[in-house]
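K.L.:
What follows is data_25.cif, made up of mmCIF, C-alpha atoms:
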```
data_structure
#
loop_
_atom_site.label_atom_id
_atom_site.label_comp_id
_atom_site.auth_asym_id
_atom_site.auth_seq_id
_atom_site.Cartn_x
_atom_site.Cartn_y
_atom_site.Cartn_z
CA MET A 1 286.02 39.87 7.56
CA LEU A 2 284.74 40.19 11.16
CA ILE A 3 287.41 38.03 12.74
CA TRP A 4 289.85 40.92 13.31
CA PRO A 5 287.46 43.12 15.34
CA ARG A 6 286.57 40.06 17.42
CA ARG A 7 290.24 39.25 18.00
CA ALA A 8 290.94 42.89 18.90
CA CYS A 9 288.10 42.90 21.46
CA GLN A 10 289.34 39.65 22.95
CA LEU A 11 292.89 40.99 23.18
CA LEU A 12 291.77 44.24 24.80
CA THR A 13 289.62 42.29 27.27
CA ILE A 14 292.66 40.21 28.24
CA LEU A 15 294.69 43.40 28.72
CA VAL A 16 292.00 44.94 30.94
CA VAL A 17 291.78 41.78 33.03
CA ALA A 18 295.58 41.62 33.25
CA HIS A 19 295.66 45.21 34.48
CA GLY A 20 293.00 44.28 37.02
CA ALA A 21 295.19 41.39 38.20
CA TRP A 22 298.15 43.75 38.56
CA LEU A 23 295.94 46.20 40.45
CA CYS A 24 294.87 43.36 42.73
CA TRP A 25 298.48 42.40 43.45
CA ARG A 26 299.50 46.01 44.09
CA ASN A 27 296.61 46.56 46.48
CA PHE A 28 297.42 43.41 48.40
CA VAL A 29 301.03 44.55 48.77
CA LEU A 30 299.87 47.94 50.04
CA GLN A 31 297.37 46.26 52.32
CA PHE A 32 299.98 44.02 53.92
CA ALA A 33 302.34 46.98 54.32
CA ARG A 34 299.57 49.00 55.93
CA LEU A 35 298.72 46.25 58.37
CA LEU A 36 302.37 45.77 59.27
CA TRP A 37 302.44 49.47 60.12
CA ALA A 38 299.29 48.96 62.15
CA LEU A 39 300.81 46.13 64.16
CA ALA A 40 303.75 48.43 64.93
CA HIS A 41 301.24 51.19 65.87
CA VAL A 42 302.61 53.54 63.22
CA PRO A 43 299.84 55.89 61.97
CA ALA A 44 300.48 55.61 58.24
CA ALA A 45 298.46 54.45 55.26
CA PRO A 46 298.77 54.79 51.47
CA TYR A 47 295.35 56.46 51.15
CA PRO A 48 295.38 60.05 52.48
CA GLY A 49 291.62 60.07 53.13
CA CYS A 50 292.14 57.33 55.70
CA PRO A 51 295.28 58.32 57.64
CA ALA A 52 295.25 55.29 59.91
CA PRO A 53 295.50 51.52 59.66
CA PHE A 54 291.93 50.22 59.86
CA CYS A 55 289.79 52.95 58.29
CA ASP A 56 286.07 52.18 58.57
CA PHE A 57 286.66 49.05 60.61
CA SER A 58 287.85 51.24 63.48
CA VAL A 59 284.32 52.67 63.68
CA PHE A 60 282.76 49.20 63.80
CA TRP A 61 285.19 47.94 66.41
CA LEU A 62 284.66 50.97 68.63
CA ALA A 63 280.87 50.74 68.25
CA GLY A 64 281.03 47.11 69.35
CA ARG A 65 283.17 48.04 72.34
CA MET A 66 280.74 50.77 73.39
CA SER A 67 277.53 49.04 72.27
CA SER A 68 276.17 48.98 75.83
CA HIS A 69 275.99 52.79 75.61
CA PRO A 70 273.97 53.46 72.42
CA ALA A 71 273.51 57.13 73.30
CA VAL A 72 277.30 57.47 73.04
CA ILE A 73 277.91 55.60 69.80
CA TYR A 74 275.12 57.36 67.87
CA SER A 75 276.14 60.83 69.06
CA GLU A 76 278.94 61.91 66.76
CA PRO A 77 280.78 64.36 69.10
CA THR A 78 280.63 62.00 72.07
CA PHE A 79 281.65 59.02 69.96
CA LEU A 80 284.67 60.86 68.55
CA ARG A 81 285.83 61.94 72.01
CA ALA A 82 285.53 58.38 73.32
CA SER A 83 287.34 57.07 70.24
CA ALA A 84 290.32 59.34 70.83
CA LEU A 85 290.70 57.89 74.33
CA MET A 86 290.36 54.25 73.23
CA LEU A 87 292.61 54.47 70.16
CA PRO A 88 295.37 56.93 71.01
CA HIS A 89 297.55 55.81 68.11
CA GLY A 90 295.25 57.68 65.73
CA SER A 91 293.01 55.21 63.97
CA PHE A 92 290.38 56.64 61.67
CA THR A 93 287.09 57.50 63.35
CA GLY A 94 283.83 58.87 62.05
CA PRO A 95 280.14 58.74 62.91
CA PHE A 96 278.53 55.35 63.44
CA MET A 97 275.35 55.15 61.33
CA TYR A 98 274.37 51.46 61.27
CA PRO A 99 271.03 50.33 62.78
CA PRO A 100 270.86 48.36 66.06
CA PRO A 101 270.52 44.92 64.34
CA ALA A 102 274.21 45.27 63.38
CA LEU A 103 275.30 45.75 66.98
CA PRO A 104 275.28 42.06 68.10
CA LEU A 105 277.72 41.16 65.31
CA LEU A 106 279.92 44.15 66.11
CA TYR A 107 279.86 43.31 69.81
CA LEU A 108 281.19 39.83 69.10
CA ILE A 109 283.87 41.15 66.76
CA SER A 110 285.07 43.74 69.25
CA ARG A 111 285.88 41.14 71.91
CA LEU A 112 289.19 40.72 70.08
CA PRO A 113 291.97 43.31 69.85
CA ILE A 114 291.42 45.54 66.84
CA GLU A 115 294.19 43.91 64.76
CA ALA A 116 292.89 40.37 65.32
CA ALA A 117 289.29 41.57 64.95
CA TYR A 118 290.03 43.04 61.52
CA TYR A 119 291.62 39.83 60.25
CA ALA A 120 288.83 37.69 61.72
CA PHE A 121 286.05 39.86 60.31
CA MET A 122 287.45 39.99 56.78
CA ALA A 123 288.34 36.28 56.75
CA ALA A 124 284.86 35.36 57.98
CA SER A 125 283.23 37.69 55.44
CA ILE A 126 285.21 36.19 52.55
CA MET A 127 284.57 32.60 53.63
CA ALA A 128 280.85 33.26 54.12
CA ALA A 129 280.67 34.97 50.72
CA VAL A 130 282.40 32.07 48.96
CA LEU A 131 280.09 29.57 50.65
CA LEU A 132 276.95 31.52 49.76
CA LEU A 133 278.01 32.07 46.17
CA ARG A 134 278.98 28.44 45.65
CA GLN A 135 275.60 27.36 46.99
CA ALA A 136 274.10 29.73 44.42
CA LYS A 137 275.95 27.66 41.80
CA ILE A 138 278.27 30.42 40.61
CA SER A 139 281.52 29.41 38.96
CA TRP A 140 284.83 29.99 40.70
CA LEU A 141 285.84 32.46 38.00
CA CYS A 142 282.81 34.64 38.74
CA ILE A 143 283.49 34.45 42.48
CA ILE A 144 287.12 35.47 42.00
CA ALA A 145 286.08 38.27 39.64
CA GLY A 146 283.66 39.57 42.25
CA LEU A 147 285.68 39.30 45.44
CA LEU A 148 289.01 40.38 43.93
CA SER A 149 287.49 43.17 41.87
CA PRO A 150 288.54 46.77 42.54
CA ALA A 151 285.31 47.20 44.53
CA GLY A 152 286.01 44.02 46.53
CA LEU A 153 289.58 45.08 47.28
CA TRP A 154 288.41 48.52 48.38
CA CYS A 155 285.92 46.82 50.71
CA MET A 156 288.73 44.70 52.21
CA TYR A 157 290.92 47.78 52.53
CA LEU A 158 288.32 49.65 54.55
CA GLY A 159 287.10 46.62 56.50
CA GLN A 160 283.54 47.17 55.29
CA PHE A 161 280.41 44.99 54.97
CA GLY A 162 280.23 45.06 51.16
CA ILE A 163 281.51 41.53 50.55
CA LEU A 164 279.22 39.89 53.10
CA CYS A 165 276.10 41.87 52.20
CA GLY A 166 276.70 41.57 48.46
CA ALA A 167 276.92 37.77 48.78
CA LEU A 168 273.77 37.65 50.94
CA LEU A 169 271.84 39.65 48.35
CA PHE A 170 273.12 37.54 45.46
CA ALA A 171 272.44 34.22 47.19
CA GLY A 172 268.99 35.37 48.30
CA LEU A 173 268.00 36.37 44.77
CA ALA A 174 269.42 33.15 43.30
CA ALA A 175 267.38 30.93 45.65
CA LEU A 176 264.05 32.76 45.40
CA GLU A 177 262.46 30.29 43.00
CA SER A 178 264.11 27.04 44.09
CA LYS A 179 264.35 27.55 47.89
CA PRO A 180 262.13 30.53 48.68
CA PHE A 181 262.13 30.26 52.48
CA ARG A 182 265.93 30.09 52.61
CA ALA A 183 266.11 33.00 50.16
CA GLY A 184 263.85 35.04 52.41
CA VAL A 185 266.03 34.32 55.43
CA LEU A 186 269.13 35.50 53.56
CA LEU A 187 267.40 38.68 52.43
CA GLY A 188 266.05 39.28 55.93
CA LEU A 189 269.56 39.16 57.36
CA LEU A 190 270.35 42.25 55.29
CA CYS A 191 268.61 44.40 57.92
CA ILE A 192 272.12 44.79 59.40
CA LYS A 193 272.62 47.15 56.44
CA PRO A 194 269.08 47.77 55.17
CA GLN A 195 269.89 49.74 52.02
CA TYR A 196 270.91 46.41 50.47
CA ALA A 197 267.42 45.03 51.07
CA LEU A 198 265.31 47.91 49.74
CA LEU A 199 264.40 46.01 46.58
CA ALA A 200 263.63 42.74 48.41
CA PRO A 201 259.94 43.59 49.05
CA PHE A 202 259.38 44.43 45.37
CA VAL A 203 261.05 41.19 44.28
CA ILE A 204 259.23 38.98 46.78
CA LEU A 205 255.79 40.53 46.32
CA SER A 206 256.01 40.53 42.53
CA ARG A 207 255.27 36.80 42.54
CA ALA A 208 253.43 36.70 45.88
CA ASN A 209 256.23 34.50 47.20
CA LEU A 210 254.79 33.74 50.65
CA PRO A 211 257.56 31.31 51.80
CA ALA A 212 260.19 33.94 51.01
CA LEU A 213 258.12 36.58 52.80
CA ARG A 214 257.89 34.35 55.88
CA GLY A 215 261.63 33.66 55.83
CA ALA A 216 262.49 37.35 55.51
CA GLY A 217 260.07 38.29 58.29
CA ILE A 218 261.41 35.64 60.67
CA ALA A 219 265.07 36.58 60.06
CA ALA A 220 264.44 40.32 60.40
CA ALA A 221 262.24 39.85 63.49
CA ALA A 222 264.89 37.66 65.11
CA LEU A 223 267.61 40.28 64.61
CA LEU A 224 265.32 43.04 65.82
CA ALA A 225 264.38 41.03 68.91
CA ILE A 226 268.00 40.13 69.71
CA SER A 227 269.15 43.73 69.40
CA GLY A 228 266.17 45.00 71.40
CA ILE A 229 266.69 42.54 74.25
CA TRP A 230 270.47 42.94 74.22
CA PHE A 231 270.77 46.71 73.93
CA GLY A 232 267.30 47.93 74.86
CA THR A 233 264.88 50.21 73.06
CA GLY A 234 267.17 53.12 73.76
CA ALA A 235 269.39 51.95 70.90
CA TRP A 236 266.59 52.60 68.41
CA ALA A 237 265.80 55.96 69.96
CA ALA A 238 269.47 56.97 69.64
CA PHE A 239 269.72 55.66 66.08
CA LEU A 240 266.59 57.47 64.90
CA GLY A 241 267.58 60.64 66.73
CA ALA A 242 271.29 61.44 66.82
CA GLY A 243 272.11 58.72 64.26
CA GLY A 244 269.64 60.18 61.78
CA GLU A 245 271.16 63.61 62.26
CA ALA A 246 274.63 62.21 61.52
CA ILE A 247 273.36 60.60 58.31
CA ARG A 248 271.65 63.80 57.20
CA GLY A 249 274.76 65.77 58.06
CA GLN A 250 276.89 63.58 55.82
CA MET A 251 274.40 63.71 52.96
CA GLU A 252 273.85 67.46 53.20
CA ALA A 253 277.52 68.42 53.57
CA PRO A 254 279.12 70.28 50.63
CA PHE A 255 280.16 67.76 48.03
CA ALA A 256 283.83 68.80 48.19
CA ILE A 257 284.13 67.64 51.83
CA SER A 258 281.76 64.69 51.64
CA PRO A 259 282.58 61.09 50.70
CA GLY A 260 280.41 61.56 47.61
CA ARG A 261 283.24 61.11 45.10
CA PHE A 262 283.08 57.41 46.04
CA GLY A 263 279.28 57.39 45.85
CA THR A 264 277.12 55.20 43.63
CA SER A 265 273.74 56.93 43.68
CA MET A 266 272.00 59.42 41.44
CA PHE A 267 271.96 61.73 44.47
CA TRP A 268 275.75 61.85 44.56
CA MET A 269 276.00 62.27 40.79
CA ALA A 270 273.64 65.24 40.92
CA ARG A 271 275.61 66.75 43.80
CA SER A 272 278.85 66.37 41.84
CA LEU A 273 277.29 68.49 39.08
CA GLY A 274 276.42 71.26 41.53
CA ALA A 275 272.74 70.43 42.00
CA SER A 276 270.98 71.73 45.09
CA LEU A 277 269.88 69.34 47.82
CA HIS A 278 266.29 69.63 46.62
CA GLY A 279 267.25 68.86 43.03
CA ALA A 280 269.45 65.91 44.05
CA ASP A 281 266.64 64.57 46.26
CA MET A 282 264.13 64.78 43.42
CA LEU A 283 266.45 62.94 41.05
CA GLN A 284 267.06 60.27 43.70
CA TRP A 285 263.33 59.81 44.34
CA LEU A 286 262.83 59.30 40.60
CA SER A 287 265.71 56.80 40.50
CA SER A 288 264.39 54.90 43.54
CA THR A 289 260.84 54.74 42.22
CA LEU A 290 261.93 53.57 38.78
CA ALA A 291 264.32 50.98 40.25
CA GLY A 292 261.56 49.57 42.47
CA PHE A 293 259.10 49.35 39.59
CA LEU A 294 261.63 47.71 37.27
CA ALA A 295 262.58 45.14 39.92
CA TRP A 296 258.91 44.30 40.48
CA TRP A 297 258.22 43.97 36.74
CA LEU A 298 261.39 42.00 36.08
CA TRP A 299 260.74 39.32 38.72
CA ARG A 300 257.10 39.07 37.72
CA ARG A 301 258.32 37.59 34.42
CA GLY A 302 258.74 33.95 35.27
CA GLU A 303 260.43 33.03 31.99
CA THR A 304 263.30 35.50 32.38
CA PRO A 305 266.79 33.92 32.52
CA ALA A 306 267.87 33.78 36.17
CA ASP A 307 271.39 35.16 35.69
CA SER A 308 270.08 38.23 33.84
CA LYS A 309 267.46 38.89 36.52
CA ILE A 310 270.07 38.70 39.26
CA ALA A 311 272.56 40.91 37.43
CA ILE A 312 269.96 43.59 36.73
CA THR A 313 268.67 43.52 40.31
CA LEU A 314 272.18 43.84 41.73
CA SER A 315 272.60 46.96 39.61
CA LEU A 316 269.20 48.40 40.51
CA ALA A 317 269.97 47.88 44.21
CA LEU A 318 272.69 50.54 43.92
CA LEU A 319 270.30 52.99 42.27
CA VAL A 320 267.44 52.64 44.76
CA THR A 321 269.37 54.09 47.71
CA PRO A 322 271.04 57.49 48.01
CA TYR A 323 273.51 56.11 50.52
CA GLY A 324 275.89 53.84 48.63
CA TYR A 325 279.63 53.82 48.01
CA THR A 326 282.27 51.98 46.00
CA TYR A 327 282.68 49.29 48.64
CA ASP A 328 279.01 48.39 48.07
CA MET A 329 279.73 47.44 44.43
CA VAL A 330 280.83 43.84 44.99
CA GLY A 331 277.45 42.66 43.69
CA TYR A 332 277.88 44.94 40.69
CA SER A 333 281.26 43.30 39.99
CA LEU A 334 279.64 39.86 40.21
CA ALA A 335 276.99 41.06 37.76
CA CYS A 336 279.67 42.12 35.25
CA ALA A 337 281.23 38.64 35.40
CA LEU A 338 277.85 36.91 35.26
CA LEU A 339 276.81 38.70 32.05
CA MET A 340 279.88 37.75 30.03
CA ARG A 341 279.16 35.48 27.06
CA ARG A 342 281.66 33.50 25.01
CA ALA A 343 280.14 34.66 21.72
CA ALA A 344 280.06 38.39 22.57
CA PRO A 345 283.64 39.72 22.61
CA ALA A 346 282.65 43.39 22.19
CA THR A 347 280.19 43.18 25.09
CA ASN A 348 282.77 41.36 27.17
CA LEU A 349 285.25 44.18 26.60
CA LEU A 350 282.68 46.73 27.77
CA LEU A 351 281.87 44.62 30.83
CA ALA A 352 285.57 44.28 31.66
CA LEU A 353 285.94 48.06 31.51
CA LEU A 354 282.86 48.53 33.69
CA TRP A 355 284.20 45.95 36.16
CA HIS A 356 287.43 47.94 36.25
CA ALA A 357 285.78 51.37 36.60
CA PRO A 358 285.37 51.47 40.42
CA ALA A 359 289.16 51.67 40.73
CA TYR A 360 289.20 55.09 39.07
CA VAL A 361 285.84 56.80 39.56
CA GLY A 362 287.18 58.82 42.49
CA GLN A 363 290.10 60.16 40.46
CA PHE A 364 287.79 60.81 37.50
CA GLN A 365 285.49 62.89 39.67
CA MET A 366 288.35 64.89 41.15
CA LYS A 367 289.77 65.63 37.69
CA PHE A 368 286.59 66.34 35.73
CA GLY A 369 284.14 67.28 38.50
CA PHE A 370 281.61 64.61 37.49
CA LEU A 371 280.79 61.33 39.21
CA PRO A 372 280.23 58.68 36.48
CA THR A 373 279.48 55.69 38.75
CA PRO A 374 275.67 55.70 38.31
CA LEU A 375 276.12 55.69 34.52
CA CYS A 376 278.38 52.61 34.82
CA ILE A 377 275.69 50.90 36.91
CA ILE A 378 272.95 51.80 34.43
CA THR A 379 275.08 50.43 31.57
CA VAL A 380 275.47 47.07 33.32
CA ALA A 381 271.71 46.97 33.90
CA LEU A 382 271.08 47.72 30.22
CA ILE A 383 273.44 44.93 29.15
CA GLY A 384 271.52 42.59 31.43
CA TRP A 385 268.29 43.81 29.89
CA TRP A 386 269.67 43.09 26.44
CA HIS A 387 270.23 39.49 27.49
CA LEU A 388 266.53 39.31 28.39
CA GLN A 389 265.52 39.67 24.76
CA PRO A 390 264.17 36.37 23.43
CA VAL A 391 266.57 34.58 21.15
CA SER A 392 264.95 33.01 18.13
CA ALA A 393 265.42 29.28 18.28
CA PRO A 394 266.79 27.52 15.21
CA ALA A 395 264.20 25.95 12.99
CA LEU A 396 263.76 22.31 13.84
CA PRO A 397 263.00 19.73 11.19
CA ALA A 398 259.40 18.74 10.98
CA PRO A 399 258.71 15.48 12.78
CA ALA A 400 258.51 12.51 10.51
CA ALA A 401 255.14 10.92 9.97
CA ARG A 402 254.53 8.15 12.43
CA GLN A 403 255.00 4.80 10.83
CA PRO A 404 252.66 1.95 11.80
CA GLU A 405 254.29 -0.51 14.12
CA PRO A 406 255.06 -3.86 12.53
CA ALA A 407 252.62 -6.56 13.40
CA LEU A 408 253.89 -9.12 15.83
CA SER A 409 253.89 -12.78 14.97
CA LEU A 410 251.13 -13.78 17.32
CA PRO A 411 248.50 -16.49 17.19
CA GLN A 412 245.48 -15.55 15.13
CA THR A 413 243.33 -15.22 18.24
CA LEU A 414 245.60 -12.46 19.66
CA SER A 415 246.47 -10.50 16.51
CA HIS A 416 243.24 -8.50 16.08
CA PRO A 417 244.07 -4.83 15.53
CA SER A 418 242.96 -2.59 18.38
CA ARG A 419 240.55 0.20 17.49
#
```
Can you dump the structure from the file as structure tokens?
P.N.:
Amino acid sequence: MLIWPRRACQLLTILVVAHGAWLCWRNFVLQFARLLWALAHVPAAPYPGCPAPFCDFSVFWLAGRMSSHPAVIYSEPTFLRASALMLPHGSFTGPFMYPPPALPLLYLISRLPIEAAYYAFMAASIMAAVLLLRQAKISWLCIIAGLLSPAGLWCMYLGQFGILCGALLFAGLAALESKPFRAGVLLGLLCIKPQYALLAPFVILSRANLPALRGAGIAAAALLAISGIWFGTGAWAAFLGAGGEAIRGQMEAPFAISPGRFGTSMFWMARSLGASLHGADMLQWLSSTLAGFLAWWLWRRGETPADSKIAITLSLALLVTPYGYTYDMVGYSLACALLMRRAAPATNLLLALLWHAPAYVGQFQMKFGFLPTPLCIITVALIGWWHLQPVSAPALPAPAARQPEPALSLPQTLSHPSR
């Protein structure tokens, strides 16, 4: 009697995945068209919020070009004026808000022309992500579902760090118990975008994982030292001063003119509902505290299935920071694929819908005035938590009574029974 609901769930899951494949193809077509316009220096793009070819990547490329002048790149008015002179064809520009450890990578990228730099950065990010995820022993289907998800495509469209950082976080979590030092190094590298690494201390310290702590400390210290020697201490002063003001300005701007409709945090959800800054901050502090505690408790349980721990932590990582957007949800998309089970068609349908949701949360918010992304993230975490429940093992037959071994045909002098 239950076969029809199961078949219906399986069919609907196939339809959702097929629509996701069509969405992937359509986005690739738009992406190639946009880049062809960029190569012809025509300021056009299919997304009106980004009226130029390279969107966020323009900011990274310009920051790398001007990285020897940190006071310029972290000062929003000065940075925008310099950007208009360097990119007269009208590429998108906005404030640069990444910490100094990201500057060495951006400096290297910006040695190329912006078109070649975009291709090189995204190709390197995808190849590094595939390598890291394969070393974490993830199937190709999960990798494809993560990188070609709506969140992954949006990350490629903007030229953002979401694919690279999501893979670093996933691979670091996956290796914590088998290769803790390597896991710590991978997590330490996330200081190029530190909101990804906010849960790492809770995870590492929950089991007093000293090799992972050493690896994370060495990697983070190396990046801090390189950026300090390369760009000087003035980079940190500019980041903490003018850069901090730019971040606060974006977070405190009225929701209607902020990028919050693509946000992932409880802060942005509260702002979409008209909450004051104080109310949104309080809700975010509660979310961050609870996410940190849950991550610590979860990884303290040594018997927990590894895939469930990773999926839950990838979801909690989006709830611990107020500053997160759709392009940061590549790890979330990987979690949706990781939690699918052959014997759970109804759950698989829900996970497919949640995997698909980042493609439409912006439109949903604009139509209904409510940002549902944090609820999607919480649902994925709850599904992962459901998989943590112990499954009763089937009753095994009682072991048969041990039969005495047959006596060997030995000479009488060697056949005495041993006592």
K.L.:
What do you get, as a ChimeraX atom specification, if you spell out every residue that the PyMOL selection byres ((chain A and resi 204) around 12) selects here?
P.N.:
/A:172-173,175-177,180-181,183-185,187-188,197-203,205-217,292,295-300
K.L.:
For the residues in the current selection, export C-alpha atoms as an mmCIF file, keeping the file's coordinate frame.
P.N.:
```cif
data_model
loop_
_atom_site.group_PDB
_atom_site.id
_atom_site.type_symbol
_atom_site.label_atom_id
_atom_site.label_comp_id
_atom_site.auth_asym_id
_atom_site.auth_seq_id
_atom_site.Cartn_x
_atom_site.Cartn_y
_atom_site.Cartn_z
ATOM 1 C CA GLY A 172 268.990 35.370 48.300
ATOM 2 C CA LEU A 173 268.000 36.370 44.770
ATOM 3 C CA ALA A 175 267.380 30.930 45.650
ATOM 4 C CA LEU A 176 264.050 32.760 45.400
ATOM 5 C CA GLU A 177 262.460 30.290 43.000
ATOM 6 C CA PRO A 180 262.130 30.530 48.680
ATOM 7 C CA PHE A 181 262.130 30.260 52.480
ATOM 8 C CA ALA A 183 266.110 33.000 50.160
ATOM 9 C CA GLY A 184 263.850 35.040 52.410
ATOM 10 C CA VAL A 185 266.030 34.320 55.430
ATOM 11 C CA LEU A 187 267.400 38.680 52.430
ATOM 12 C CA GLY A 188 266.050 39.280 55.930
ATOM 13 C CA ALA A 197 267.420 45.030 51.070
ATOM 14 C CA LEU A 198 265.310 47.910 49.740
ATOM 15 C CA LEU A 199 264.400 46.010 46.580
ATOM 16 C CA ALA A 200 263.630 42.740 48.410
ATOM 17 C CA PRO A 201 259.940 43.590 49.050
ATOM 18 C CA PHE A 202 259.380 44.430 45.370
ATOM 19 C CA VAL A 203 261.050 41.190 44.280
ATOM 20 C CA LEU A 205 255.790 40.530 46.320
ATOM 21 C CA SER A 206 256.010 40.530 42.530
ATOM 22 C CA ARG A 207 255.270 36.800 42.540
ATOM 23 C CA ALA A 208 253.430 36.700 45.880
ATOM 24 C CA ASN A 209 256.230 34.500 47.200
ATOM 25 C CA LEU A 210 254.790 33.740 50.650
ATOM 26 C CA PRO A 211 257.560 31.310 51.800
ATOM 27 C CA ALA A 212 260.190 33.940 51.010
ATOM 28 C CA LEU A 213 258.120 36.580 52.800
ATOM 29 C CA ARG A 214 257.890 34.350 55.880
ATOM 30 C CA GLY A 215 261.630 33.660 55.830
ATOM 31 C CA ALA A 216 262.490 37.350 55.510
ATOM 32 C CA GLY A 217 260.070 38.290 58.290
ATOM 33 C CA GLY A 292 261.560 49.570 42.470
ATOM 34 C CA ALA A 295 262.580 45.140 39.920
ATOM 35 C CA TRP A 296 258.910 44.300 40.480
ATOM 36 C CA TRP A 297 258.220 43.970 36.740
ATOM 37 C CA LEU A 298 261.390 42.000 36.080
ATOM 38 C CA TRP A 299 260.740 39.320 38.720
ATOM 39 C CA ARG A 300 257.100 39.070 37.720
#
```
K.L.:
Skip A:Ala311 itself and residues of its chain fewer than 4 positions away, then list as a list of chain:residue names all residues within 8 Å of it, counting all atoms listed in the file.
P.N.:
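These residues fall inside the cut-off: A:Asp307, A:Ser315, A:Tyr332, A:Leu334, A:Ala335, A:Cys336, A:Leu338, A:Leu339, A:Val380, A:Ala381, A:Gly384.
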K.L.:
Just so the selection is clear, what residues does the PyMOL selection byres ((chain A and resi 130) around 10) cover here, as a ChimeraX atom specification?
P.N.:
/A:124-129,131-136,138,140,143-144,147,163-164,167
K.L.:
Which residues, named as in the file, does the PyMOL selection byres ((chain A and resi 109-113) around 10) pick out? Answer as a PyMOL selection string.
P.N.:
chain A and resi 58+60-67+103-108+114-118+120-121
K.L.:
Quick one: everything within 8 Å of A:Leu12, counting all atoms listed in the file, minus sequence neighbours fewer than 4 positions away in the same chain. Send it as an mmCIF file with C-alpha atoms, keeping the file's coordinate frame.
P.N.:
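Output file around_20.cif follows:
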```
data_model
loop_
_atom_site.group_PDB
_atom_site.id
_atom_site.type_symbol
_atom_site.label_atom_id
_atom_site.label_comp_id
_atom_site.auth_asym_id
_atom_site.auth_seq_id
_atom_site.Cartn_x
_atom_site.Cartn_y
_atom_site.Cartn_z
ATOM 1 C CA ALA A 8 290.940 42.890 18.900
ATOM 2 C CA VAL A 16 292.000 44.940 30.940
ATOM 3 C CA LEU A 349 285.250 44.180 26.600
#
```
K.L.:
Identify, on the basis of all atoms listed in the file, every residue whose closest approach to A:Ser258 does not exceed 12 Å; exclude the query and any residue fewer than 4 positions from it along the same chain; express the result as a PDB file with C-alpha atoms, keeping the file's coordinate frame.
P.N.:
```
ATOM      1  CA  GLY A  49     291.620  60.070  53.130  1.00  0.00           C
ATOM      2  CA  ILE A 247     273.360  60.600  58.310  1.00  0.00           C
ATOM      3  CA  ARG A 248     271.650  63.800  57.200  1.00  0.00           C
ATOM      4  CA  GLY A 249     274.760  65.770  58.060  1.00  0.00           C
ATOM      5  CA  GLN A 250     276.890  63.580  55.820  1.00  0.00           C
ATOM      6  CA  MET A 251     274.400  63.710  52.960  1.00  0.00           C
ATOM      7  CA  GLU A 252     273.850  67.460  53.200  1.00  0.00           C
ATOM      8  CA  ALA A 253     277.520  68.420  53.570  1.00  0.00           C
ATOM      9  CA  PRO A 254     279.120  70.280  50.630  1.00  0.00           C
ATOM     10  CA  PHE A 262     283.080  57.410  46.040  1.00  0.00           C
ATOM     11  CA  GLY A 263     279.280  57.390  45.850  1.00  0.00           C
ATOM     12  CA  TRP A 268     275.750  61.850  44.560  1.00  0.00           C
ATOM     13  CA  ARG A 271     275.610  66.750  43.800  1.00  0.00           C
ATOM     14  CA  SER A 272     278.850  66.370  41.840  1.00  0.00           C
ATOM     15  CA  TYR A 323     273.510  56.110  50.520  1.00  0.00           C
ATOM     16  CA  TYR A 325     279.630  53.820  48.010  1.00  0.00           C
TER      17      TYR A 325
END
```
K.L.:
Within 9 Å of A:Ile378, counting all atoms listed in the file, which residues show up once you throw out same-chain ones fewer than 4 positions away? Write them as JSON, numbers by chain, please.
P.N.:
{"A": [315, 316, 319, 373, 374, 382, 383]}
K.L.:
Which residue gives the smallest distance to A:Thr78 among A:Ala102, A:Ala280, A:Ala242, A:Met340, with all atoms listed in the file counted?
P.N.:
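Ranking A:Ala102, A:Ala280, A:Ala242, A:Met340 by distance to A:Thr78, first place goes to A:Ala242.
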K.L.:
From the options A:Ser333, A:Gln363, A:Thr264, A:Thr304, which residue's atoms come nearest to A:Gly146, counting all atoms listed in the file?
P.N.:
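Closest residue, counting all atoms listed in the file: A:Ser333.
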K.L.:
What does the distance from atom CA of A:Gly20 to atom CA of A:Leu318 come to in Å, to one decimal?
P.N.:
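Between these atoms lies a distance of 22.3 Å.
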K.L.:
If you measure from atom CA of A:Ala291 to atom CA of A:Leu314, what distance in Å do you get, rounded to one decimal?
P.N.:
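Atom-to-atom, atom CA of A:Ala291 to atom CA of A:Leu314, that is 10.7 Å.
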K.L.:
I'd like the interatomic distance between atom CA of A:Ser308 and atom CA of A:Leu294, to a tenth of an Å.
P.N.:
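Taking atom CA of A:Ser308 and atom CA of A:Leu294, their separation equals 13.2 Å.
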K.L.:
For A:Phe255, which residue among A:Trp22, A:Phe370, A:Phe96, A:Phe364 is the nearest when counting all atoms listed in the file?
P.N.:
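Distance minimum relative to A:Phe255 lands on A:Phe370.
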K.L.:
Residues near A:Ala357, anyone? I mean within 10 Å using all atoms listed in the file, not counting same-chain ones fewer than 3 positions away, as a ChimeraX atom specification.
P.N.:
/A:149-151,333,351-354,360-362,364,372-373,376
K.L.:
With only C-alpha atoms as the atoms that count, which of A:Met86, A:Ala145, A:Ala344, A:Ala174 lies nearest to A:Ile310?
P.N.:
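Among the listed residues, A:Ala174 lies closest to A:Ile310.
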K.L.:
Taking all atoms listed in the file into account, which of A:Leu186, A:Ile229, A:Ile312, A:Leu168 comes nearest A:Pro101?
P.N.:
A:Ile229
K.L.:
Just checking: using only C-alpha atoms, which residue out of A:Gln195, A:Thr379, A:Asn348, A:Ser288 ends up closest to A:Gly324?
P.N.:
A:Gln195
